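Printed here is upload_31.cif (mmCIF, N, CA and C atoms and all ligand atoms):
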data_upload
loop_
_atom_site.label_atom_id
_atom_site.label_comp_id
_atom_site.auth_asym_id
_atom_site.auth_seq_id
_atom_site.Cartn_x
_atom_site.Cartn_y
_atom_site.Cartn_z
N MET X 57 -20.22 4.55 -20.11
CA MET X 57 -21.21 3.51 -19.84
C MET X 57 -21.22 3.18 -18.35
N THR X 58 -22.39 3.11 -17.76
CA THR X 58 -22.49 2.73 -16.35
C THR X 58 -22.18 1.26 -16.22
N GLU X 59 -21.33 0.94 -15.28
CA GLU X 59 -20.95 -0.46 -15.05
C GLU X 59 -20.71 -0.68 -13.57
N ARG X 60 -20.48 -1.93 -13.21
CA ARG X 60 -20.23 -2.28 -11.81
C ARG X 60 -18.89 -2.97 -11.68
N THR X 61 -18.27 -2.78 -10.53
CA THR X 61 -17.00 -3.46 -10.26
C THR X 61 -17.04 -4.08 -8.87
N LEU X 62 -16.20 -5.10 -8.68
CA LEU X 62 -16.05 -5.66 -7.34
C LEU X 62 -14.79 -5.09 -6.69
N ILE X 63 -14.98 -4.53 -5.51
CA ILE X 63 -13.87 -4.02 -4.72
C ILE X 63 -13.78 -4.86 -3.45
N LEU X 64 -12.59 -5.23 -3.05
CA LEU X 64 -12.38 -5.85 -1.73
C LEU X 64 -11.43 -4.98 -0.94
N VAL X 65 -11.79 -4.68 0.31
CA VAL X 65 -10.79 -4.19 1.25
C VAL X 65 -10.20 -5.44 1.88
N LYS X 66 -8.94 -5.70 1.59
CA LYS X 66 -8.30 -6.94 2.01
C LYS X 66 -8.07 -6.94 3.53
N PRO X 67 -7.70 -8.11 4.10
CA PRO X 67 -7.55 -8.18 5.56
C PRO X 67 -6.60 -7.14 6.16
N ASP X 68 -5.56 -6.75 5.42
CA ASP X 68 -4.66 -5.72 5.96
C ASP X 68 -5.38 -4.38 6.09
N GLY X 69 -6.21 -4.07 5.10
CA GLY X 69 -6.95 -2.81 5.13
C GLY X 69 -7.99 -2.78 6.23
N VAL X 70 -8.72 -3.90 6.38
CA VAL X 70 -9.72 -3.97 7.45
C VAL X 70 -9.04 -3.89 8.81
N ALA X 71 -7.94 -4.66 8.98
CA ALA X 71 -7.25 -4.69 10.28
C ALA X 71 -6.67 -3.32 10.64
N ARG X 72 -6.27 -2.57 9.65
CA ARG X 72 -5.70 -1.24 9.90
C ARG X 72 -6.76 -0.16 10.01
N GLY X 73 -8.02 -0.55 9.91
CA GLY X 73 -9.09 0.44 10.06
C GLY X 73 -9.25 1.34 8.85
N LEU X 74 -8.92 0.81 7.67
CA LEU X 74 -8.96 1.64 6.47
C LEU X 74 -10.19 1.37 5.59
N SER X 75 -11.14 0.56 6.08
CA SER X 75 -12.35 0.28 5.29
C SER X 75 -13.09 1.58 4.99
N GLY X 76 -13.25 2.40 6.00
CA GLY X 76 -13.97 3.67 5.82
C GLY X 76 -13.24 4.59 4.86
N GLU X 77 -11.92 4.61 4.94
CA GLU X 77 -11.12 5.46 4.05
C GLU X 77 -11.30 5.04 2.59
N VAL X 78 -11.35 3.73 2.34
CA VAL X 78 -11.55 3.25 0.97
C VAL X 78 -12.96 3.63 0.50
N LEU X 79 -13.96 3.38 1.34
CA LEU X 79 -15.34 3.74 0.96
C LEU X 79 -15.47 5.24 0.76
N ARG X 80 -14.81 6.01 1.59
CA ARG X 80 -14.86 7.48 1.47
C ARG X 80 -14.35 7.91 0.10
N ARG X 81 -13.22 7.33 -0.31
CA ARG X 81 -12.65 7.72 -1.60
C ARG X 81 -13.57 7.32 -2.75
N VAL X 82 -14.16 6.13 -2.65
CA VAL X 82 -15.05 5.66 -3.71
C VAL X 82 -16.27 6.58 -3.83
N GLU X 83 -16.85 6.91 -2.69
CA GLU X 83 -18.02 7.79 -2.70
C GLU X 83 -17.66 9.21 -3.11
N ALA X 84 -16.51 9.70 -2.63
CA ALA X 84 -16.11 11.07 -2.93
C ALA X 84 -15.86 11.24 -4.43
N LYS X 85 -15.40 10.17 -5.07
CA LYS X 85 -15.16 10.22 -6.51
C LYS X 85 -16.48 10.33 -7.27
N GLY X 86 -17.57 9.86 -6.64
CA GLY X 86 -18.88 9.96 -7.29
C GLY X 86 -19.48 8.62 -7.67
N TYR X 87 -18.84 7.53 -7.26
CA TYR X 87 -19.40 6.22 -7.54
C TYR X 87 -20.46 5.88 -6.49
N THR X 88 -21.36 5.00 -6.87
CA THR X 88 -22.46 4.60 -5.99
C THR X 88 -22.16 3.24 -5.37
N LEU X 89 -22.41 3.11 -4.07
CA LEU X 89 -22.25 1.82 -3.40
C LEU X 89 -23.52 1.01 -3.62
N VAL X 90 -23.36 -0.19 -4.18
CA VAL X 90 -24.50 -1.06 -4.46
C VAL X 90 -24.62 -2.14 -3.38
N ALA X 91 -23.47 -2.61 -2.88
CA ALA X 91 -23.45 -3.63 -1.83
C ALA X 91 -22.17 -3.45 -1.01
N VAL X 92 -22.29 -3.59 0.29
CA VAL X 92 -21.13 -3.51 1.19
C VAL X 92 -21.34 -4.55 2.28
N GLU X 93 -20.40 -5.47 2.40
CA GLU X 93 -20.59 -6.53 3.40
C GLU X 93 -19.25 -7.00 3.95
N LEU X 94 -19.15 -7.06 5.26
CA LEU X 94 -17.95 -7.61 5.90
C LEU X 94 -18.06 -9.13 5.86
N ARG X 95 -17.06 -9.76 5.26
CA ARG X 95 -17.16 -11.19 5.01
C ARG X 95 -15.88 -11.90 5.40
N ARG X 96 -16.00 -13.21 5.60
CA ARG X 96 -14.83 -14.09 5.70
C ARG X 96 -14.73 -14.86 4.40
N ALA X 97 -13.59 -14.83 3.77
CA ALA X 97 -13.40 -15.64 2.57
C ALA X 97 -13.25 -17.11 2.97
N THR X 98 -13.30 -18.00 1.99
CA THR X 98 -13.01 -19.42 2.20
C THR X 98 -12.01 -19.83 1.12
N PRO X 99 -11.29 -20.92 1.32
CA PRO X 99 -10.35 -21.37 0.29
C PRO X 99 -11.03 -21.61 -1.05
N GLU X 100 -12.26 -22.13 -1.03
CA GLU X 100 -12.99 -22.42 -2.27
C GLU X 100 -13.34 -21.13 -3.00
N LEU X 101 -13.84 -20.16 -2.23
CA LEU X 101 -14.20 -18.88 -2.84
C LEU X 101 -12.97 -18.20 -3.44
N LEU X 102 -11.84 -18.29 -2.73
CA LEU X 102 -10.62 -17.64 -3.22
C LEU X 102 -10.06 -18.35 -4.45
N ALA X 103 -10.24 -19.67 -4.51
CA ALA X 103 -9.78 -20.40 -5.70
C ALA X 103 -10.55 -19.93 -6.93
N ASP X 104 -11.82 -19.61 -6.75
CA ASP X 104 -12.63 -19.03 -7.84
C ASP X 104 -12.17 -17.61 -8.15
N HIS X 105 -12.11 -16.82 -7.10
CA HIS X 105 -11.79 -15.39 -7.26
C HIS X 105 -10.41 -15.20 -7.89
N TYR X 106 -9.43 -15.98 -7.44
CA TYR X 106 -8.06 -15.84 -7.94
C TYR X 106 -7.70 -16.98 -8.91
N ALA X 107 -8.67 -17.46 -9.68
CA ALA X 107 -8.44 -18.59 -10.60
C ALA X 107 -7.22 -18.37 -11.49
N GLU X 108 -7.04 -17.12 -11.94
CA GLU X 108 -5.91 -16.84 -12.87
C GLU X 108 -4.56 -17.01 -12.19
N HIS X 109 -4.53 -17.01 -10.85
CA HIS X 109 -3.25 -17.08 -10.13
C HIS X 109 -2.95 -18.45 -9.54
N VAL X 110 -3.89 -19.40 -9.65
CA VAL X 110 -3.67 -20.74 -9.10
C VAL X 110 -2.39 -21.30 -9.71
N GLY X 111 -1.50 -21.83 -8.86
CA GLY X 111 -0.25 -22.42 -9.35
C GLY X 111 0.93 -21.47 -9.35
N LYS X 112 0.67 -20.16 -9.21
CA LYS X 112 1.80 -19.21 -9.16
C LYS X 112 2.48 -19.28 -7.79
N PRO X 113 3.75 -18.88 -7.71
CA PRO X 113 4.48 -19.01 -6.45
C PRO X 113 3.84 -18.25 -5.29
N PHE X 114 3.15 -17.16 -5.58
CA PHE X 114 2.57 -16.38 -4.48
C PHE X 114 1.14 -16.79 -4.16
N TYR X 115 0.63 -17.84 -4.86
CA TYR X 115 -0.79 -18.18 -4.66
C TYR X 115 -1.09 -18.63 -3.22
N ASP X 116 -0.31 -19.58 -2.69
CA ASP X 116 -0.59 -20.08 -1.34
C ASP X 116 -0.49 -18.99 -0.27
N PRO X 117 0.61 -18.20 -0.28
CA PRO X 117 0.63 -17.09 0.69
C PRO X 117 -0.47 -16.06 0.46
N LEU X 118 -0.88 -15.89 -0.78
CA LEU X 118 -1.98 -14.95 -1.06
C LEU X 118 -3.28 -15.44 -0.42
N VAL X 119 -3.55 -16.74 -0.57
CA VAL X 119 -4.77 -17.30 0.03
C VAL X 119 -4.69 -17.22 1.55
N GLU X 120 -3.52 -17.56 2.10
CA GLU X 120 -3.36 -17.49 3.56
C GLU X 120 -3.61 -16.06 4.05
N PHE X 121 -3.07 -15.10 3.33
CA PHE X 121 -3.27 -13.69 3.67
C PHE X 121 -4.76 -13.33 3.60
N MET X 122 -5.43 -13.75 2.55
CA MET X 122 -6.84 -13.38 2.35
C MET X 122 -7.76 -14.07 3.36
N LEU X 123 -7.24 -15.15 3.99
CA LEU X 123 -8.03 -15.86 5.03
C LEU X 123 -7.68 -15.36 6.43
N SER X 124 -6.73 -14.43 6.53
CA SER X 124 -6.20 -14.05 7.85
C SER X 124 -7.13 -13.15 8.64
N GLY X 125 -8.19 -12.69 8.02
CA GLY X 125 -9.15 -11.84 8.72
C GLY X 125 -10.27 -11.48 7.78
N PRO X 126 -11.26 -10.75 8.30
CA PRO X 126 -12.39 -10.38 7.43
C PRO X 126 -11.98 -9.45 6.30
N VAL X 127 -12.74 -9.50 5.22
CA VAL X 127 -12.57 -8.57 4.11
C VAL X 127 -13.89 -7.81 3.94
N LEU X 128 -13.80 -6.59 3.46
CA LEU X 128 -15.01 -5.84 3.14
C LEU X 128 -15.26 -5.97 1.64
N ALA X 129 -16.34 -6.66 1.31
CA ALA X 129 -16.69 -6.86 -0.10
C ALA X 129 -17.66 -5.77 -0.52
N VAL X 130 -17.35 -5.14 -1.65
CA VAL X 130 -18.11 -3.97 -2.11
C VAL X 130 -18.42 -4.10 -3.59
N VAL X 131 -19.63 -3.79 -3.96
CA VAL X 131 -19.95 -3.58 -5.37
C VAL X 131 -20.21 -2.10 -5.55
N ALA X 132 -19.47 -1.48 -6.47
CA ALA X 132 -19.65 -0.05 -6.75
C ALA X 132 -20.04 0.12 -8.20
N GLU X 133 -20.80 1.18 -8.44
CA GLU X 133 -21.36 1.41 -9.78
C GLU X 133 -21.04 2.83 -10.23
N GLY X 134 -20.82 2.97 -11.53
CA GLY X 134 -20.62 4.31 -12.07
C GLY X 134 -20.05 4.24 -13.48
N GLU X 135 -19.91 5.39 -14.09
CA GLU X 135 -19.32 5.50 -15.42
C GLU X 135 -17.86 5.02 -15.37
N ARG X 136 -17.53 4.02 -16.12
CA ARG X 136 -16.15 3.50 -16.23
C ARG X 136 -15.52 3.22 -14.86
N VAL X 137 -16.37 2.72 -13.93
CA VAL X 137 -15.88 2.50 -12.56
C VAL X 137 -14.80 1.42 -12.50
N ILE X 138 -14.80 0.47 -13.42
CA ILE X 138 -13.81 -0.61 -13.39
C ILE X 138 -12.41 -0.02 -13.56
N GLU X 139 -12.25 0.72 -14.64
CA GLU X 139 -10.98 1.40 -14.92
C GLU X 139 -10.70 2.47 -13.85
N GLY X 140 -11.73 3.20 -13.49
CA GLY X 140 -11.57 4.30 -12.53
C GLY X 140 -11.08 3.81 -11.18
N PHE X 141 -11.64 2.70 -10.70
CA PHE X 141 -11.18 2.23 -9.39
C PHE X 141 -9.77 1.66 -9.47
N ARG X 142 -9.42 1.03 -10.60
CA ARG X 142 -8.03 0.52 -10.75
C ARG X 142 -7.03 1.68 -10.63
N VAL X 143 -7.38 2.81 -11.22
CA VAL X 143 -6.49 3.98 -11.13
C VAL X 143 -6.46 4.50 -9.68
N MET X 144 -7.62 4.53 -9.04
CA MET X 144 -7.66 4.96 -7.63
C MET X 144 -6.83 4.03 -6.75
N ALA X 145 -6.83 2.72 -7.06
CA ALA X 145 -6.09 1.75 -6.25
C ALA X 145 -4.58 1.91 -6.44
N GLY X 146 -4.17 2.21 -7.66
CA GLY X 146 -2.73 2.27 -7.95
C GLY X 146 -2.20 0.92 -8.37
N THR X 147 -0.94 0.89 -8.81
CA THR X 147 -0.37 -0.36 -9.31
C THR X 147 -0.20 -1.38 -8.18
N THR X 148 -0.02 -2.64 -8.55
CA THR X 148 0.00 -3.74 -7.58
C THR X 148 1.03 -3.53 -6.48
N ASP X 149 2.22 -3.08 -6.87
CA ASP X 149 3.30 -2.88 -5.89
C ASP X 149 3.19 -1.48 -5.27
N PRO X 150 2.86 -1.42 -3.99
CA PRO X 150 2.64 -0.11 -3.35
C PRO X 150 3.86 0.81 -3.38
N THR X 151 5.05 0.23 -3.48
CA THR X 151 6.24 1.09 -3.48
C THR X 151 6.26 1.99 -4.70
N THR X 152 5.76 1.47 -5.82
CA THR X 152 5.77 2.28 -7.05
C THR X 152 4.38 2.82 -7.41
N ALA X 153 3.37 2.48 -6.61
CA ALA X 153 2.03 3.02 -6.87
C ALA X 153 2.07 4.54 -6.70
N ALA X 154 1.35 5.24 -7.56
CA ALA X 154 1.42 6.71 -7.55
C ALA X 154 0.92 7.27 -6.23
N PRO X 155 1.62 8.28 -5.72
CA PRO X 155 1.08 9.04 -4.58
C PRO X 155 -0.30 9.56 -4.97
N GLY X 156 -1.23 9.55 -4.03
CA GLY X 156 -2.60 9.92 -4.34
C GLY X 156 -3.48 8.71 -4.52
N SER X 157 -2.89 7.58 -4.89
CA SER X 157 -3.67 6.35 -5.00
C SER X 157 -3.76 5.67 -3.63
N ILE X 158 -4.71 4.76 -3.50
CA ILE X 158 -4.90 4.07 -2.21
C ILE X 158 -3.62 3.33 -1.82
N ARG X 159 -3.09 2.56 -2.76
CA ARG X 159 -1.87 1.79 -2.45
C ARG X 159 -0.67 2.71 -2.30
N GLY X 160 -0.59 3.73 -3.14
CA GLY X 160 0.54 4.67 -3.07
C GLY X 160 0.55 5.45 -1.77
N ASP X 161 -0.62 5.79 -1.27
CA ASP X 161 -0.69 6.59 -0.05
C ASP X 161 -0.60 5.74 1.21
N LEU X 162 -1.15 4.52 1.17
CA LEU X 162 -1.44 3.82 2.43
C LEU X 162 -0.77 2.47 2.61
N ALA X 163 -0.19 1.89 1.53
CA ALA X 163 0.30 0.52 1.65
C ALA X 163 1.82 0.46 1.62
N ARG X 164 2.34 -0.62 2.12
CA ARG X 164 3.78 -0.86 2.08
C ARG X 164 4.00 -2.37 1.97
N THR X 165 5.21 -2.77 1.60
CA THR X 165 5.39 -4.18 1.24
C THR X 165 6.53 -4.89 1.94
N TRP X 166 7.39 -4.19 2.59
CA TRP X 166 8.60 -4.87 3.03
C TRP X 166 8.33 -5.98 4.04
N ASP X 167 9.20 -7.02 4.02
CA ASP X 167 9.15 -8.13 4.98
C ASP X 167 7.92 -9.00 4.88
N LEU X 168 7.18 -8.95 3.78
CA LEU X 168 5.95 -9.73 3.70
C LEU X 168 6.06 -10.73 2.55
N PRO X 169 5.52 -11.97 2.75
CA PRO X 169 5.61 -13.00 1.71
C PRO X 169 4.69 -12.73 0.53
N VAL X 170 3.70 -11.91 0.72
CA VAL X 170 2.78 -11.58 -0.37
C VAL X 170 2.46 -10.11 -0.24
N ILE X 171 2.13 -9.52 -1.37
CA ILE X 171 1.93 -8.08 -1.36
C ILE X 171 0.66 -7.71 -0.59
N HIS X 172 0.83 -6.95 0.47
CA HIS X 172 -0.30 -6.45 1.25
C HIS X 172 -0.63 -5.06 0.71
N ASN X 173 -1.61 -5.01 -0.16
CA ASN X 173 -1.86 -3.74 -0.87
C ASN X 173 -3.28 -3.22 -0.70
N ILE X 174 -3.93 -3.62 0.41
CA ILE X 174 -5.17 -3.01 0.92
C ILE X 174 -6.43 -3.31 0.13
N VAL X 175 -6.35 -3.24 -1.20
CA VAL X 175 -7.58 -3.40 -1.97
C VAL X 175 -7.41 -4.32 -3.17
N HIS X 176 -8.52 -4.88 -3.57
CA HIS X 176 -8.66 -5.56 -4.86
C HIS X 176 -9.69 -4.78 -5.68
N GLY X 177 -9.47 -4.71 -6.98
CA GLY X 177 -10.50 -4.17 -7.87
C GLY X 177 -10.52 -4.98 -9.16
N SER X 178 -11.70 -5.30 -9.65
CA SER X 178 -11.82 -6.05 -10.91
C SER X 178 -11.06 -5.34 -12.02
N ASP X 179 -10.46 -6.14 -12.94
CA ASP X 179 -9.61 -5.52 -13.96
C ASP X 179 -10.24 -5.43 -15.35
N SER X 180 -11.46 -5.93 -15.52
CA SER X 180 -12.13 -5.85 -16.83
C SER X 180 -13.62 -6.11 -16.61
N PRO X 181 -14.45 -5.78 -17.59
CA PRO X 181 -15.88 -6.07 -17.46
C PRO X 181 -16.15 -7.56 -17.25
N GLU X 182 -15.38 -8.42 -17.92
CA GLU X 182 -15.57 -9.87 -17.75
C GLU X 182 -15.22 -10.29 -16.33
N SER X 183 -14.09 -9.79 -15.81
CA SER X 183 -13.70 -10.11 -14.43
C SER X 183 -14.73 -9.57 -13.45
N ALA X 184 -15.22 -8.37 -13.69
CA ALA X 184 -16.19 -7.77 -12.76
C ALA X 184 -17.45 -8.62 -12.67
N GLU X 185 -17.95 -9.04 -13.82
CA GLU X 185 -19.16 -9.85 -13.81
C GLU X 185 -18.93 -11.18 -13.09
N ARG X 186 -17.79 -11.79 -13.39
CA ARG X 186 -17.45 -13.07 -12.76
C ARG X 186 -17.29 -12.92 -11.25
N GLU X 187 -16.55 -11.89 -10.83
CA GLU X 187 -16.24 -11.71 -9.40
C GLU X 187 -17.48 -11.28 -8.61
N ILE X 188 -18.31 -10.44 -9.20
CA ILE X 188 -19.55 -10.06 -8.50
C ILE X 188 -20.42 -11.30 -8.31
N GLY X 189 -20.43 -12.18 -9.31
CA GLY X 189 -21.18 -13.43 -9.20
C GLY X 189 -20.65 -14.35 -8.11
N ILE X 190 -19.35 -14.29 -7.86
CA ILE X 190 -18.74 -15.11 -6.82
C ILE X 190 -19.08 -14.57 -5.43
N TRP X 191 -18.94 -13.27 -5.26
CA TRP X 191 -19.09 -12.67 -3.92
C TRP X 191 -20.53 -12.33 -3.58
N PHE X 192 -21.31 -11.97 -4.60
CA PHE X 192 -22.71 -11.58 -4.38
C PHE X 192 -23.59 -12.26 -5.41
N PRO X 193 -23.77 -13.59 -5.27
CA PRO X 193 -24.50 -14.33 -6.29
C PRO X 193 -25.94 -13.84 -6.48
N GLY X 194 -26.48 -13.19 -5.47
CA GLY X 194 -27.89 -12.75 -5.57
C GLY X 194 -28.08 -11.46 -6.36
N ILE X 195 -26.99 -10.75 -6.62
CA ILE X 195 -27.13 -9.38 -7.13
C ILE X 195 -27.44 -9.31 -8.62
P1 LIG O 201 -3.88 -6.69 -8.77
O1 LIG O 201 -4.47 -6.91 -7.40
O2 LIG O 201 -3.18 -5.37 -8.86
O3 LIG O 201 -4.87 -6.92 -9.88
P2 LIG O 201 -2.75 -9.29 -9.45
O4 LIG O 201 -1.61 -9.48 -10.40
O5 LIG O 201 -4.14 -9.67 -9.92
O6 LIG O 201 -2.71 -7.76 -8.97
O7 LIG O 201 -2.38 -10.12 -8.14
C1 LIG O 201 -3.34 -10.38 -7.15
C2 LIG O 201 -2.74 -10.10 -5.79
O8 LIG O 201 -1.70 -11.05 -5.53
C3 LIG O 201 -2.04 -8.74 -5.68
O9 LIG O 201 -2.94 -7.68 -5.39
C4 LIG O 201 -1.08 -8.99 -4.55
O10 LIG O 201 -1.73 -8.97 -3.28
C5 LIG O 201 -0.62 -10.41 -4.84
N1 LIG O 201 0.54 -10.48 -5.72
C6 LIG O 201 0.59 -10.25 -7.06
N2 LIG O 201 1.81 -10.42 -7.57
C7 LIG O 201 2.60 -10.79 -6.53
C8 LIG O 201 3.99 -11.13 -6.42
O11 LIG O 201 4.76 -11.12 -7.40
N3 LIG O 201 4.44 -11.44 -5.17
C9 LIG O 201 3.64 -11.45 -4.09
N4 LIG O 201 2.32 -11.14 -4.14
C10 LIG O 201 1.80 -10.82 -5.35
MG MG O 202 -5.89 -8.71 -10.36
#
I need this file expressed as structure tokens, please.
Amino acid sequence: MTERTLILVKPDGVARGLSGEVLRRVEAKGYTLVAVELRRATPELLADHYAEHVGKPFYDPLVEFMLSGPVLAVVAEGERVIEGFRVMAGTTDPTTAAPGSIRGDLARTWDLPVIHNIVHGSDSPESAEREIGIWFPGI
């Protein structure tokens, strides 16, 4: 089934010049780019986006990290793209993310208060719809 997902290149990825690398992988896989925009998050937007994590010990450092620079917000479309991009991203912790995945190939975690893992990807159809509505309300 064709579906859409929300991808973010987080501030670490943008700062390291990896926005193009993430888009390259998404396009090379065969997904279609529907929207791509360099944005600054706000605390309010992040409280919506990360609603499930509000109150967790890493929430405040996560928000601080996500506000530390621009993010590239992307909507991508394709067959099972939600699941497909999660696999391309790799598991949350880059140390154990599979080689070949974005996080496994490009991210690292040591000495950081929150996991700097380059990308976000929606984890379910419900999350994708909610997150696309937050970042691209017009779409
Ligand atoms: P996901 O991005 O792989 O879906 P989530 O559990 O939704 O992972 O967590 C959101 C983000 O919060 C992660 O991508 C990572 O940046 C950060 N994070 C998650 N768990 C931890 C933790 O235990 N310590 C520090 N940062 C974390
Ligand atoms: Mg998540």
Can you tell me, as a short mmCIF file (atom, residue, chain, number, x, y, z; two decimals) with N, CA and C atoms, in the coordinates of the input, which residues sit within 10 Å of (-4.5, 7.4, -4.2) in the file's frame, using only C-alpha atoms?
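Final file, point_15.cif:
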data_model
loop_
_atom_site.label_atom_id
_atom_site.label_comp_id
_atom_site.auth_asym_id
_atom_site.auth_seq_id
_atom_site.Cartn_x
_atom_site.Cartn_y
_atom_site.Cartn_z
N VAL X 78 -11.35 3.73 2.34
CA VAL X 78 -11.55 3.25 0.97
C VAL X 78 -12.96 3.63 0.50
N ARG X 81 -13.22 7.33 -0.31
CA ARG X 81 -12.65 7.72 -1.60
C ARG X 81 -13.57 7.32 -2.75
N PHE X 141 -11.64 2.70 -10.70
CA PHE X 141 -11.18 2.23 -9.39
C PHE X 141 -9.77 1.66 -9.47
N VAL X 143 -7.38 2.81 -11.22
CA VAL X 143 -6.49 3.98 -11.13
C VAL X 143 -6.46 4.50 -9.68
N MET X 144 -7.62 4.53 -9.04
CA MET X 144 -7.66 4.96 -7.63
C MET X 144 -6.83 4.03 -6.75
N ALA X 145 -6.83 2.72 -7.06
CA ALA X 145 -6.09 1.75 -6.25
C ALA X 145 -4.58 1.91 -6.44
N GLY X 146 -4.17 2.21 -7.66
CA GLY X 146 -2.73 2.27 -7.95
C GLY X 146 -2.20 0.92 -8.37
N ALA X 153 3.37 2.48 -6.61
CA ALA X 153 2.03 3.02 -6.87
C ALA X 153 2.07 4.54 -6.70
N ALA X 154 1.35 5.24 -7.56
CA ALA X 154 1.42 6.71 -7.55
C ALA X 154 0.92 7.27 -6.23
N PRO X 155 1.62 8.28 -5.72
CA PRO X 155 1.08 9.04 -4.58
C PRO X 155 -0.30 9.56 -4.97
N GLY X 156 -1.23 9.55 -4.03
CA GLY X 156 -2.60 9.92 -4.34
C GLY X 156 -3.48 8.71 -4.52
N SER X 157 -2.89 7.58 -4.89
CA SER X 157 -3.67 6.35 -5.00
C SER X 157 -3.76 5.67 -3.63
N ILE X 158 -4.71 4.76 -3.50
CA ILE X 158 -4.90 4.07 -2.21
C ILE X 158 -3.62 3.33 -1.82
N ARG X 159 -3.09 2.56 -2.76
CA ARG X 159 -1.87 1.79 -2.45
C ARG X 159 -0.67 2.71 -2.30
N GLY X 160 -0.59 3.73 -3.14
CA GLY X 160 0.54 4.67 -3.07
C GLY X 160 0.55 5.45 -1.77
N ASP X 161 -0.62 5.79 -1.27
CA ASP X 161 -0.69 6.59 -0.05
C ASP X 161 -0.60 5.74 1.21
N LEU X 162 -1.15 4.52 1.17
CA LEU X 162 -1.44 3.82 2.43
C LEU X 162 -0.77 2.47 2.61
#
Next item on the list: Could you report the residues within 6 Å of ligand LIG 201 (chain O), using only C-alpha atoms and all ligand atoms, as a VMD selection string?
Entry: chain X and resid 114 118 147 to 148 170 to 173 176
Check: Quick one, how far is atom N of Gly76 in chain X from atom C of Gly177 in chain X?
Finding: 17.1 Å
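Using only C-alpha atoms for every distance, the candidate list X:Ala97, X:Leu123, X:Val70, X:Ala184 yields X:Ala184 as the residue closest to Arg136 in chain X.
We find CA of Arg142 in chain X and atom C of Asp104 in chain X to be spaced 18.8 Å apart.
Nearest to ligand MG 202 (chain O) of all the residues X:Pro117, X:Tyr106, X:Thr98, X:Ile174 is X:Tyr106, based on all atoms listed in the file.
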